[in-house]
>>> print(open('work-v2.cif').read())   # mmCIF, C-alpha atoms
data_target
loop_
_atom_site.label_atom_id
_atom_site.label_comp_id
_atom_site.auth_asym_id
_atom_site.auth_seq_id
_atom_site.Cartn_x
_atom_site.Cartn_y
_atom_site.Cartn_z
CA MET H 178 -29.72 90.83 -58.30
CA CYS H 179 -32.64 91.16 -60.68
CA GLU H 180 -30.76 89.09 -63.22
CA HIS H 181 -31.14 85.82 -61.37
CA PRO H 182 -34.85 85.19 -61.77
CA MET H 183 -34.73 86.17 -65.42
CA GLU H 184 -31.88 83.87 -66.17
CA LYS H 185 -33.45 81.14 -64.09
CA GLU H 186 -36.71 81.18 -65.96
CA ASN H 187 -34.97 81.21 -69.28
CA PRO H 188 -32.96 78.03 -69.60
CA PHE H 189 -33.00 75.76 -72.59
CA ASP H 190 -36.41 75.53 -74.13
CA PRO H 191 -37.93 72.18 -73.14
CA ASP H 192 -39.44 71.93 -76.62
CA LEU H 193 -36.02 72.16 -78.19
CA VAL H 194 -34.71 69.51 -75.84
CA HIS H 195 -37.71 67.41 -76.73
CA GLU H 196 -36.94 67.68 -80.41
CA ILE H 197 -33.36 66.61 -79.88
CA PHE H 198 -34.48 63.66 -77.79
CA LYS H 199 -37.11 62.69 -80.33
CA LEU H 200 -34.53 62.73 -83.09
CA VAL H 201 -32.19 60.45 -81.16
CA TRP H 202 -35.00 58.11 -80.19
CA LYS H 203 -36.35 57.99 -83.73
CA ARG H 204 -32.92 57.07 -84.99
CA LYS H 205 -32.59 54.34 -82.37
CA ALA H 206 -36.09 53.06 -83.03
CA ALA H 207 -35.38 52.89 -86.74
CA GLU H 208 -32.21 50.92 -86.02
CA ARG H 209 -34.11 48.55 -83.79
CA GLY H 210 -36.77 48.14 -86.44
CA LYS H 211 -34.17 47.33 -89.07
CA ASN H 212 -32.52 44.75 -86.86
CA GLU H 213 -35.82 43.16 -86.12
CA ILE H 214 -36.75 42.90 -89.76
CA SER H 215 -33.44 41.27 -90.64
CA GLU H 216 -33.82 38.97 -87.64
CA ASN H 217 -37.16 37.55 -88.56
CA MET H 218 -36.92 37.83 -92.29
CA ASP H 219 -38.73 34.52 -92.76
CA ASN H 220 -41.04 35.02 -89.82
CA GLU H 221 -44.08 37.09 -90.46
CA VAL H 222 -43.25 40.69 -89.78
CA GLY H 223 -46.28 41.44 -87.72
CA ALA H 224 -47.51 43.96 -85.25
CA SER H 225 -44.97 42.86 -82.67
CA SER H 226 -42.07 44.43 -84.57
CA SER H 227 -43.76 47.78 -84.95
CA LYS H 228 -44.59 47.68 -81.27
CA ARG H 229 -41.01 47.19 -80.24
CA SER H 230 -39.62 49.73 -82.64
CA ARG H 231 -41.98 52.45 -81.50
CA PRO H 232 -39.92 55.36 -80.23
CA THR H 233 -39.72 56.33 -76.59
CA PHE H 234 -41.48 59.46 -75.39
CA ALA H 235 -41.05 61.75 -72.40
CA ASN H 236 -43.36 63.58 -70.05
CA ALA H 237 -43.30 67.33 -69.70
CA ASN H 238 -41.66 67.53 -66.28
CA ALA H 239 -38.91 65.17 -67.36
CA LEU H 240 -38.16 67.49 -70.26
CA LYS H 241 -38.07 70.54 -68.01
CA LEU H 242 -35.74 68.71 -65.70
CA SER H 243 -33.51 67.69 -68.60
CA SER H 244 -33.29 71.24 -69.83
CA GLU H 245 -32.33 72.30 -66.33
CA LEU H 246 -29.63 69.64 -66.32
CA LEU H 247 -28.27 70.96 -69.61
CA ARG H 248 -28.36 74.51 -68.31
CA VAL H 249 -26.40 73.49 -65.23
CA PHE H 250 -23.90 71.70 -67.45
CA VAL H 251 -23.19 74.82 -69.49
CA ALA H 252 -23.18 77.07 -66.43
CA GLU H 253 -20.71 74.83 -64.63
CA ALA H 254 -18.44 74.68 -67.66
CA ILE H 255 -18.30 78.46 -67.82
CA GLN H 256 -17.92 79.00 -64.09
CA ARG H 257 -15.12 76.50 -63.70
CA ALA H 258 -13.30 77.84 -66.74
CA ALA H 259 -13.77 81.35 -65.37
CA THR H 260 -12.16 80.32 -62.09
CA ILE H 261 -9.11 79.05 -63.93
CA ALA H 262 -8.97 82.11 -66.16
CA GLU H 263 -9.18 84.36 -63.13
CA ALA H 264 -6.36 82.47 -61.43
CA GLU H 265 -4.23 83.08 -64.49
CA GLY H 266 -5.13 86.75 -64.48
CA SER H 267 -6.96 86.65 -67.77
CA ILE H 268 -10.36 88.22 -68.41
CA LYS H 269 -11.22 86.08 -71.40
CA ILE H 270 -11.92 82.38 -71.29
CA GLU H 271 -9.62 80.67 -73.76
CA ALA H 272 -9.05 77.12 -74.94
CA THR H 273 -6.42 76.32 -72.32
CA HIS H 274 -8.83 77.17 -69.52
CA LEU H 275 -11.49 74.90 -70.93
CA GLU H 276 -8.95 72.15 -71.41
CA ARG H 277 -8.00 72.33 -67.76
CA ILE H 278 -11.52 71.87 -66.44
CA LEU H 279 -12.86 69.50 -69.08
CA PRO H 280 -11.82 66.14 -67.58
CA GLN H 281 -13.33 66.85 -64.18
CA LEU H 282 -16.42 68.38 -65.75
CA LEU H 283 -17.06 65.27 -67.80
CA LEU H 284 -16.54 63.08 -64.79
CA ASP H 285 -19.01 65.14 -62.82
CA PHE H 286 -21.83 64.88 -65.35
CA MET E 221 -29.48 44.63 -108.13
CA GLU E 222 -31.67 47.55 -108.98
CA ASP E 223 -33.67 46.91 -105.92
CA ILE E 224 -30.68 47.14 -103.65
CA ASP E 225 -29.54 50.32 -105.33
CA GLY E 226 -32.91 51.88 -104.84
CA GLY E 227 -32.92 50.92 -101.20
CA GLU E 228 -29.53 52.43 -100.63
CA MET E 229 -30.54 55.62 -102.39
CA ALA E 230 -33.57 55.90 -100.18
CA SER E 231 -31.61 55.36 -97.00
CA GLU E 232 -29.04 57.85 -98.20
CA LEU E 233 -31.75 60.41 -98.74
CA ASP E 234 -33.18 59.62 -95.34
CA ARG E 235 -29.85 60.11 -93.74
CA GLU E 236 -29.27 63.41 -95.46
CA GLU E 237 -32.64 64.67 -94.36
CA GLU E 238 -31.93 63.55 -90.83
CA GLU E 239 -28.56 65.24 -90.87
CA SER E 240 -30.02 68.54 -91.95
CA ALA E 241 -32.60 68.24 -89.19
CA THR E 242 -29.79 67.57 -86.73
CA ASP E 243 -27.87 70.59 -88.00
CA LEU E 244 -30.87 72.82 -87.56
CA LEU E 245 -31.37 71.60 -84.02
CA ARG E 246 -27.69 72.02 -83.32
CA ASP E 247 -27.86 75.65 -84.40
CA ARG E 248 -30.91 76.38 -82.28
CA PHE E 249 -29.22 74.64 -79.41
CA ARG E 250 -26.11 76.73 -79.92
CA LEU E 251 -28.08 79.93 -79.60
CA CYS E 252 -29.47 78.77 -76.26
CA THR E 253 -26.03 77.75 -75.06
CA ILE E 254 -24.56 81.09 -76.01
CA SER E 255 -27.20 83.03 -74.12
CA ILE E 256 -26.68 80.95 -71.00
CA ALA E 257 -22.91 81.08 -71.26
CA GLU E 258 -22.88 84.82 -71.79
CA ALA E 259 -25.14 85.46 -68.84
CA GLU E 260 -22.97 83.21 -66.70
CA ALA E 261 -19.74 84.81 -67.87
CA LYS E 262 -21.08 88.29 -67.27
CA GLN E 263 -21.78 87.31 -63.71
CA CYS E 264 -18.15 86.38 -63.20
CA GLY E 265 -17.00 89.43 -65.11
CA MET E 266 -15.49 87.31 -67.85
CA GLU E 267 -15.55 87.17 -71.59
CA VAL E 268 -15.78 83.98 -73.58
CA SER E 269 -13.83 83.66 -76.81
CA GLN E 270 -15.79 82.54 -79.85
CA PRO E 271 -14.15 79.14 -80.46
CA ILE E 272 -14.75 78.23 -76.83
CA MET E 273 -18.39 79.10 -77.21
CA ALA E 274 -18.61 76.73 -80.17
CA CYS E 275 -16.77 74.06 -78.20
CA ILE E 276 -19.07 74.32 -75.24
CA SER E 277 -22.22 74.23 -77.32
CA ASP E 278 -21.00 71.18 -79.24
CA LEU E 279 -20.10 69.58 -75.96
CA ALA E 280 -23.54 70.31 -74.56
CA PHE E 281 -25.19 68.96 -77.70
CA LYS E 282 -23.24 65.72 -77.46
CA PHE E 283 -24.18 65.59 -73.82
CA ALA E 284 -27.84 66.01 -74.74
CA GLU E 285 -27.65 63.18 -77.26
CA GLN E 286 -26.00 60.92 -74.75
CA LEU E 287 -28.58 61.92 -72.18
CA ALA E 288 -31.35 60.94 -74.57
CA LYS E 289 -29.84 57.48 -75.00
CA ASP E 290 -29.40 57.04 -71.26
CA LEU E 291 -32.94 58.13 -70.51
CA GLU E 292 -34.35 55.75 -73.08
CA LEU E 293 -32.40 52.86 -71.58
CA PHE E 294 -33.44 53.74 -68.04
CA ALA E 295 -37.09 53.94 -69.02
CA GLN E 296 -36.87 50.65 -70.87
CA HIS E 297 -35.20 49.02 -67.94
CA ALA E 298 -38.09 50.10 -65.77
CA GLY E 299 -40.45 48.61 -68.33
CA ARG E 300 -41.81 51.96 -69.44
CA LYS E 301 -42.16 53.56 -72.83
CA SER E 302 -42.06 57.07 -71.45
CA VAL E 303 -39.28 58.89 -69.68
CA ASN E 304 -40.14 60.48 -66.35
CA MET E 305 -38.33 62.64 -63.81
CA GLU E 306 -36.87 59.70 -61.94
CA ASP E 307 -34.95 58.72 -65.05
CA VAL E 308 -33.46 62.18 -65.37
CA ILE E 309 -32.41 62.20 -61.73
CA LEU E 310 -30.95 58.74 -62.14
CA SER E 311 -28.84 59.98 -65.02
CA ALA E 312 -27.08 62.30 -62.56
CA HIS E 313 -26.46 59.61 -59.96
CA ARG E 314 -22.67 59.92 -60.14
CA ASN E 315 -22.79 63.38 -58.67
CA ASP E 316 -24.61 63.67 -55.36
CA HIS E 317 -24.79 67.46 -55.46
CA LEU E 318 -26.25 67.43 -58.92
CA ALA E 319 -28.74 64.68 -58.12
CA ALA E 320 -29.87 66.55 -55.01
CA SER E 321 -30.32 69.81 -56.86
CA LEU E 322 -32.22 68.09 -59.67
CA ARG E 323 -34.40 66.39 -57.12
CA SER E 324 -35.29 69.66 -55.48
CA PHE E 325 -35.95 71.22 -58.87
CA GLY E 326 -38.16 68.25 -59.69
CA ASN E 327 -40.07 68.56 -56.43
CA ASP E 328 -40.53 72.19 -57.30
CA LEU E 329 -42.03 71.30 -60.65
CA LYS E 330 -44.33 68.80 -59.02
CA ALA E 331 -45.40 71.34 -56.42
CA LYS E 332 -46.21 73.79 -59.18
CA GLU E 333 -48.61 71.52 -60.93
CA PRO E 334 -51.74 71.91 -58.85
CA ASN E 335 -50.97 75.57 -59.13
CA LEU E 336 -51.75 78.45 -56.90
CA GLU E 337 -50.26 81.40 -58.68
CA ARG E 338 -48.86 83.35 -55.76
CA LYS E 339 -47.67 80.49 -53.64
CA ARG E 340 -45.84 78.96 -56.53
CA LYS E 341 -43.73 82.02 -57.24
CA LYS E 342 -42.67 82.45 -53.66
CA SER E 343 -41.66 78.89 -53.09
CA SER E 344 -39.86 78.58 -56.41
CA ARG E 345 -37.75 81.64 -55.70
CA ARG E 346 -36.73 80.25 -52.38
CA GLU E 347 -35.92 76.86 -53.81
CA ASP E 348 -33.88 78.46 -56.54
CA LYS E 349 -31.73 80.08 -53.95
CA VAL E 350 -31.14 76.80 -52.23
CA VAL E 351 -30.20 75.18 -55.52
CA ARG E 352 -27.83 78.01 -56.25
CA ASP E 353 -26.13 77.63 -52.89
CA VAL E 354 -25.68 73.94 -53.36
CA LEU E 355 -24.13 74.51 -56.75
CA ARG E 356 -21.84 77.25 -55.53
CA THR E 357 -19.78 74.83 -53.48
CA PRO E 358 -18.35 72.49 -56.08
CA ASP E 359 -15.34 70.47 -55.05
CA TYR E 360 -12.85 70.99 -57.78
#
>>> encode(input="work-v2.cif", output="C-alpha cells")
Amino acid sequence: MCEHPMEKENPFDPDLVHEIFKLVWKRKAAERGKNEISENMDNEVGASSSKRSRPTFANANALKLSSELLRVFVAEAIQRAATIAEAEGSIKIEATHLERILPQLLLDF
Amino acid sequence: MEDIDGGEMASELDREEEESATDLLRDRFRLCTISIAEAEAKQCGMEVSQPIMACISDLAFKFAEQLAKDLELFAQHAGRKSVNMEDVILSAHRNDHLAASLRSFGNDLKAKEPNLERKRKKSSRREDKVVRDVLRTPDY
C-alpha cells in the first residue's frame, strides 16, 4: 500500500532520459551537418548549415512524460511476463516467458 | 592522403568517445530499469532472472533511442526545434490506453506547475490511481 507512491515518484530520472535523447539528437545533427557540407561543398558553407544542424531540444514536462512512458514500458514487460510465468507455475521470470510476451509488447508501444 | 587519414582518425576518436558515453548512459539506465523491474516483480510475487533483467534494460534503452528519433521527427514536422508533451503523447498513438494514461499524466504535470503544495499532492495521488486502473486492464 505504502509502496505505490514511493515507486510512482521514483521512475526514470528525467535528466538521464534527457542525456540519452541529447546523445541521439547530437548524433543525428552531426549526420545532418555532414550531409549538408558534402551537399554544398562548392556553395559557401554559411550560417544556414549550422542552423539546420543544430540539435533538437526538449522541454521539462516532455522529459518527465517520456520517463513515465519508459517506466510504463518496463512495468508492462514485467507484469505481462509475470502473468505468463504464473500460468506456467513458475516463480521466476525466465527467457521463455519474455519471449512469449515480446511481440505483443512491441506492438503495443 | 594524409589529410584524409587525419580526418578518419579524428572521426574514429569521436566515435569511440561517443560510444563510451553511450555505454555509461546505458549502465545508468540499466540501474533504473532494474529498480523498476524489481519493484514491479515484487508486487506480483515474482523473481526476475538476471539475463532477463539485462534483456529488458537493453530493450528499454533501444526503445528510448527510438523514442528520441520519433520525437525529433514529430517536433520537426510541427516546425518546432523543441519537443513538447504533445509529441510524446503522439508517439503512443497506436495504443489508446497508453495515450490516454500519458495524457492524464501530462495534464497532471501541467496542473502542478502553478503549484499549490497541498492541492497538488492530493490530486496527483488520485490521478495516479486512475492511471493505475487504466493500465491494469490490458487486453492481451
>>> axis_aligned_box(input="work-v2.cif", around="stretch 207-213 of chain H", padding_each_side="5 Å", output="lines of an AutoDock Vina configuration file")
center_x = -34.5
center_y = 48.0
center_z = -86.4
size_x = 14.6
size_y = 19.7
size_z = 15.3
>>> residues_around(input="work-v2.cif", residues="stretch 248-251 of chain H", least_positions_apart="5", cutoff="12 Å", atoms="all atoms listed in the file", output="MDAnalysis selection string")
(chainID H and resid 184:191 194 241:243 256:258 275 279 282:286) or (chainID E and resid 249:250 252:261 272:284 287 312 317:319 321:322 325 351:352 354:356)
>>> resolve_selection(input="work-v2.cif", expression="the PyMOL selection byres ((chain E) within 6 of (chain H))", output="short mmCIF file (atom, residue, chain, number, x, y, z; two decimals) with C-alpha atoms, keeping the file's coordinate frame")
data_model
loop_
_atom_site.label_atom_id
_atom_site.label_comp_id
_atom_site.auth_asym_id
_atom_site.auth_seq_id
_atom_site.Cartn_x
_atom_site.Cartn_y
_atom_site.Cartn_z
CA CYS E 252 -29.47 78.77 -76.26
CA MET E 266 -15.49 87.31 -67.85
CA GLU E 267 -15.55 87.17 -71.59
CA VAL E 268 -15.78 83.98 -73.58
CA SER E 269 -13.83 83.66 -76.81
CA ALA E 288 -31.35 60.94 -74.57
CA LYS E 301 -42.16 53.56 -72.83
CA SER E 302 -42.06 57.07 -71.45
CA VAL E 303 -39.28 58.89 -69.68
CA ASN E 304 -40.14 60.48 -66.35
CA MET E 305 -38.33 62.64 -63.81
CA ASN E 315 -22.79 63.38 -58.67
#
>>> closest_residue(input="work-v2.cif", among="E:Leu251, E:Ala230, E:Ala320, E:Val308", to="E:Lys289", atoms="all atoms listed in the file")
E:Val308
>>> atom_distance(input="work-v2.cif", atom1="atom CA of E:Arg323", atom2="atom CA of E:Glu306")
8.6 Å
>>> closest_residue(input="work-v2.cif", among="E:Ser311, E:Gln270, E:Pro334, E:Ser324", to="E:Asp290", atoms="all atoms listed in the file")
E:Ser311
>>> atom_distance(input="work-v2.cif", atom1="atom CA of E:Gly299", atom2="atom CA of H:Ala206")
16.0 Å
>>> atom_distance(input="work-v2.cif", atom1="atom CA of E:Glu228", atom2="atom CA of E:Asp243")
22.2 Å
>>> residues_near_point(input="work-v2.cif", point="(-4.6, 76.7, -64.4)", cutoff="7 Å", atoms="all atoms listed in the file", output="PyMOL selection string")
chain H and resi 261+264-265+274+277
>>> build_atoms(input="work-v2.cif", residues="stretch 253-289 of chain E", atoms="N, CA and C atoms", output="PDB file, in the coordinates of the input")
ATOM      1  N   THR E 253     -27.269  77.893 -75.825  1.00  0.00           N
ATOM      2  CA  THR E 253     -26.030  77.750 -75.060  1.00  0.00           C
ATOM      3  C   THR E 253     -25.337  79.087 -74.916  1.00  0.00           C
ATOM      4  N   ILE E 254     -25.278  79.818 -76.037  1.00  0.00           N
ATOM      5  CA  ILE E 254     -24.560  81.090 -76.010  1.00  0.00           C
ATOM      6  C   ILE E 254     -25.214  82.049 -75.035  1.00  0.00           C
ATOM      7  N   SER E 255     -26.548  82.077 -75.030  1.00  0.00           N
ATOM      8  CA  SER E 255     -27.200  83.030 -74.120  1.00  0.00           C
ATOM      9  C   SER E 255     -26.929  82.661 -72.668  1.00  0.00           C
ATOM     10  N   ILE E 256     -26.960  81.373 -72.372  1.00  0.00           N
ATOM     11  CA  ILE E 256     -26.680  80.950 -71.000  1.00  0.00           C
ATOM     12  C   ILE E 256     -25.231  81.266 -70.638  1.00  0.00           C
ATOM     13  N   ALA E 257     -24.326  80.904 -71.544  1.00  0.00           N
ATOM     14  CA  ALA E 257     -22.910  81.080 -71.260  1.00  0.00           C
ATOM     15  C   ALA E 257     -22.576  82.548 -71.074  1.00  0.00           C
ATOM     16  N   GLU E 258     -23.194  83.398 -71.901  1.00  0.00           N
ATOM     17  CA  GLU E 258     -22.880  84.820 -71.790  1.00  0.00           C
ATOM     18  C   GLU E 258     -23.388  85.396 -70.475  1.00  0.00           C
ATOM     19  N   ALA E 259     -24.595  84.975 -70.109  1.00  0.00           N
ATOM     20  CA  ALA E 259     -25.140  85.460 -68.840  1.00  0.00           C
ATOM     21  C   ALA E 259     -24.239  85.028 -67.682  1.00  0.00           C
ATOM     22  N   GLU E 260     -23.794  83.779 -67.766  1.00  0.00           N
ATOM     23  CA  GLU E 260     -22.970  83.210 -66.700  1.00  0.00           C
ATOM     24  C   GLU E 260     -21.618  83.921 -66.640  1.00  0.00           C
ATOM     25  N   ALA E 261     -21.047  84.172 -67.817  1.00  0.00           N
ATOM     26  CA  ALA E 261     -19.740  84.810 -67.870  1.00  0.00           C
ATOM     27  C   ALA E 261     -19.820  86.250 -67.367  1.00  0.00           C
ATOM     28  N   LYS E 262     -20.923  86.905 -67.707  1.00  0.00           N
ATOM     29  CA  LYS E 262     -21.080  88.290 -67.270  1.00  0.00           C
ATOM     30  C   LYS E 262     -21.100  88.361 -65.746  1.00  0.00           C
ATOM     31  N   GLN E 263     -21.706  87.352 -65.165  1.00  0.00           N
ATOM     32  CA  GLN E 263     -21.780  87.310 -63.710  1.00  0.00           C
ATOM     33  C   GLN E 263     -20.394  87.226 -63.078  1.00  0.00           C
ATOM     34  N   CYS E 264     -19.512  86.498 -63.737  1.00  0.00           N
ATOM     35  CA  CYS E 264     -18.150  86.380 -63.200  1.00  0.00           C
ATOM     36  C   CYS E 264     -17.260  87.493 -63.732  1.00  0.00           C
ATOM     37  N   GLY E 265     -17.808  88.386 -64.524  1.00  0.00           N
ATOM     38  CA  GLY E 265     -17.000  89.430 -65.110  1.00  0.00           C
ATOM     39  C   GLY E 265     -15.981  88.923 -66.097  1.00  0.00           C
ATOM     40  N   MET E 266     -16.403  87.956 -66.889  1.00  0.00           N
ATOM     41  CA  MET E 266     -15.490  87.310 -67.850  1.00  0.00           C
ATOM     42  C   MET E 266     -16.032  87.455 -69.258  1.00  0.00           C
ATOM     43  N   GLU E 267     -15.129  87.277 -70.208  1.00  0.00           N
ATOM     44  CA  GLU E 267     -15.550  87.170 -71.590  1.00  0.00           C
ATOM     45  C   GLU E 267     -15.290  85.739 -72.035  1.00  0.00           C
ATOM     46  N   VAL E 268     -16.025  85.314 -73.051  1.00  0.00           N
ATOM     47  CA  VAL E 268     -15.780  83.980 -73.580  1.00  0.00           C
ATOM     48  C   VAL E 268     -15.382  84.124 -75.041  1.00  0.00           C
ATOM     49  N   SER E 269     -14.257  83.530 -75.422  1.00  0.00           N
ATOM     50  CA  SER E 269     -13.830  83.660 -76.810  1.00  0.00           C
ATOM     51  C   SER E 269     -14.700  82.782 -77.698  1.00  0.00           C
ATOM     52  N   GLN E 270     -14.829  83.189 -78.953  1.00  0.00           N
ATOM     53  CA  GLN E 270     -15.790  82.540 -79.850  1.00  0.00           C
ATOM     54  C   GLN E 270     -15.570  81.041 -80.023  1.00  0.00           C
ATOM     55  N   PRO E 271     -14.328  80.597 -80.286  1.00  0.00           N
ATOM     56  CA  PRO E 271     -14.150  79.140 -80.460  1.00  0.00           C
ATOM     57  C   PRO E 271     -14.569  78.352 -79.235  1.00  0.00           C
ATOM     58  N   ILE E 272     -14.372  78.929 -78.060  1.00  0.00           N
ATOM     59  CA  ILE E 272     -14.750  78.230 -76.830  1.00  0.00           C
ATOM     60  C   ILE E 272     -16.259  78.100 -76.735  1.00  0.00           C
ATOM     61  N   MET E 273     -16.937  79.155 -77.191  1.00  0.00           N
ATOM     62  CA  MET E 273     -18.390  79.100 -77.210  1.00  0.00           C
ATOM     63  C   MET E 273     -18.852  77.939 -78.089  1.00  0.00           C
ATOM     64  N   ALA E 274     -18.238  77.819 -79.248  1.00  0.00           N
ATOM     65  CA  ALA E 274     -18.610  76.730 -80.170  1.00  0.00           C
ATOM     66  C   ALA E 274     -18.319  75.375 -79.530  1.00  0.00           C
ATOM     67  N   CYS E 275     -17.160  75.301 -78.880  1.00  0.00           N
ATOM     68  CA  CYS E 275     -16.770  74.060 -78.200  1.00  0.00           C
ATOM     69  C   CYS E 275     -17.808  73.659 -77.176  1.00  0.00           C
ATOM     70  N   ILE E 276     -18.168  74.628 -76.341  1.00  0.00           N
ATOM     71  CA  ILE E 276     -19.070  74.320 -75.240  1.00  0.00           C
ATOM     72  C   ILE E 276     -20.441  73.921 -75.771  1.00  0.00           C
ATOM     73  N   SER E 277     -20.884  74.587 -76.839  1.00  0.00           N
ATOM     74  CA  SER E 277     -22.220  74.230 -77.320  1.00  0.00           C
ATOM     75  C   SER E 277     -22.200  72.857 -77.989  1.00  0.00           C
ATOM     76  N   ASP E 278     -21.105  72.534 -78.681  1.00  0.00           N
ATOM     77  CA  ASP E 278     -21.000  71.180 -79.240  1.00  0.00           C
ATOM     78  C   ASP E 278     -20.973  70.136 -78.140  1.00  0.00           C
ATOM     79  N   LEU E 279     -20.208  70.474 -77.112  1.00  0.00           N
ATOM     80  CA  LEU E 279     -20.100  69.580 -75.960  1.00  0.00           C
ATOM     81  C   LEU E 279     -21.480  69.336 -75.352  1.00  0.00           C
ATOM     82  N   ALA E 280     -22.213  70.431 -75.174  1.00  0.00           N
ATOM     83  CA  ALA E 280     -23.540  70.310 -74.560  1.00  0.00           C
ATOM     84  C   ALA E 280     -24.480  69.533 -75.466  1.00  0.00           C
ATOM     85  N   PHE E 281     -24.321  69.698 -76.777  1.00  0.00           N
ATOM     86  CA  PHE E 281     -25.190  68.960 -77.700  1.00  0.00           C
ATOM     87  C   PHE E 281     -24.897  67.467 -77.632  1.00  0.00           C
ATOM     88  N   LYS E 282     -23.619  67.128 -77.601  1.00  0.00           N
ATOM     89  CA  LYS E 282     -23.240  65.720 -77.460  1.00  0.00           C
ATOM     90  C   LYS E 282     -23.797  65.164 -76.153  1.00  0.00           C
ATOM     91  N   PHE E 283     -23.676  65.984 -75.136  1.00  0.00           N
ATOM     92  CA  PHE E 283     -24.180  65.590 -73.820  1.00  0.00           C
ATOM     93  C   PHE E 283     -25.687  65.318 -73.896  1.00  0.00           C
ATOM     94  N   ALA E 284     -26.396  66.178 -74.608  1.00  0.00           N
ATOM     95  CA  ALA E 284     -27.840  66.010 -74.740  1.00  0.00           C
ATOM     96  C   ALA E 284     -28.172  64.706 -75.467  1.00  0.00           C
ATOM     97  N   GLU E 285     -27.401  64.421 -76.516  1.00  0.00           N
ATOM     98  CA  GLU E 285     -27.650  63.180 -77.260  1.00  0.00           C
ATOM     99  C   GLU E 285     -27.414  61.960 -76.382  1.00  0.00           C
ATOM    100  N   GLN E 286     -26.314  62.022 -75.641  1.00  0.00           N
ATOM    101  CA  GLN E 286     -26.000  60.920 -74.750  1.00  0.00           C
ATOM    102  C   GLN E 286     -27.070  60.764 -73.677  1.00  0.00           C
ATOM    103  N   LEU E 287     -27.527  61.922 -73.193  1.00  0.00           N
ATOM    104  CA  LEU E 287     -28.580  61.920 -72.180  1.00  0.00           C
ATOM    105  C   LEU E 287     -29.838  61.247 -72.724  1.00  0.00           C
ATOM    106  N   ALA E 288     -30.155  61.544 -73.970  1.00  0.00           N
ATOM    107  CA  ALA E 288     -31.350  60.940 -74.570  1.00  0.00           C
ATOM    108  C   ALA E 288     -31.222  59.420 -74.590  1.00  0.00           C
ATOM    109  N   LYS E 289     -30.039  58.932 -74.960  1.00  0.00           N
ATOM    110  CA  LYS E 289     -29.840  57.480 -75.000  1.00  0.00           C
ATOM    111  C   LYS E 289     -29.966  56.873 -73.611  1.00  0.00           C
TER     112      LYS E 289
END
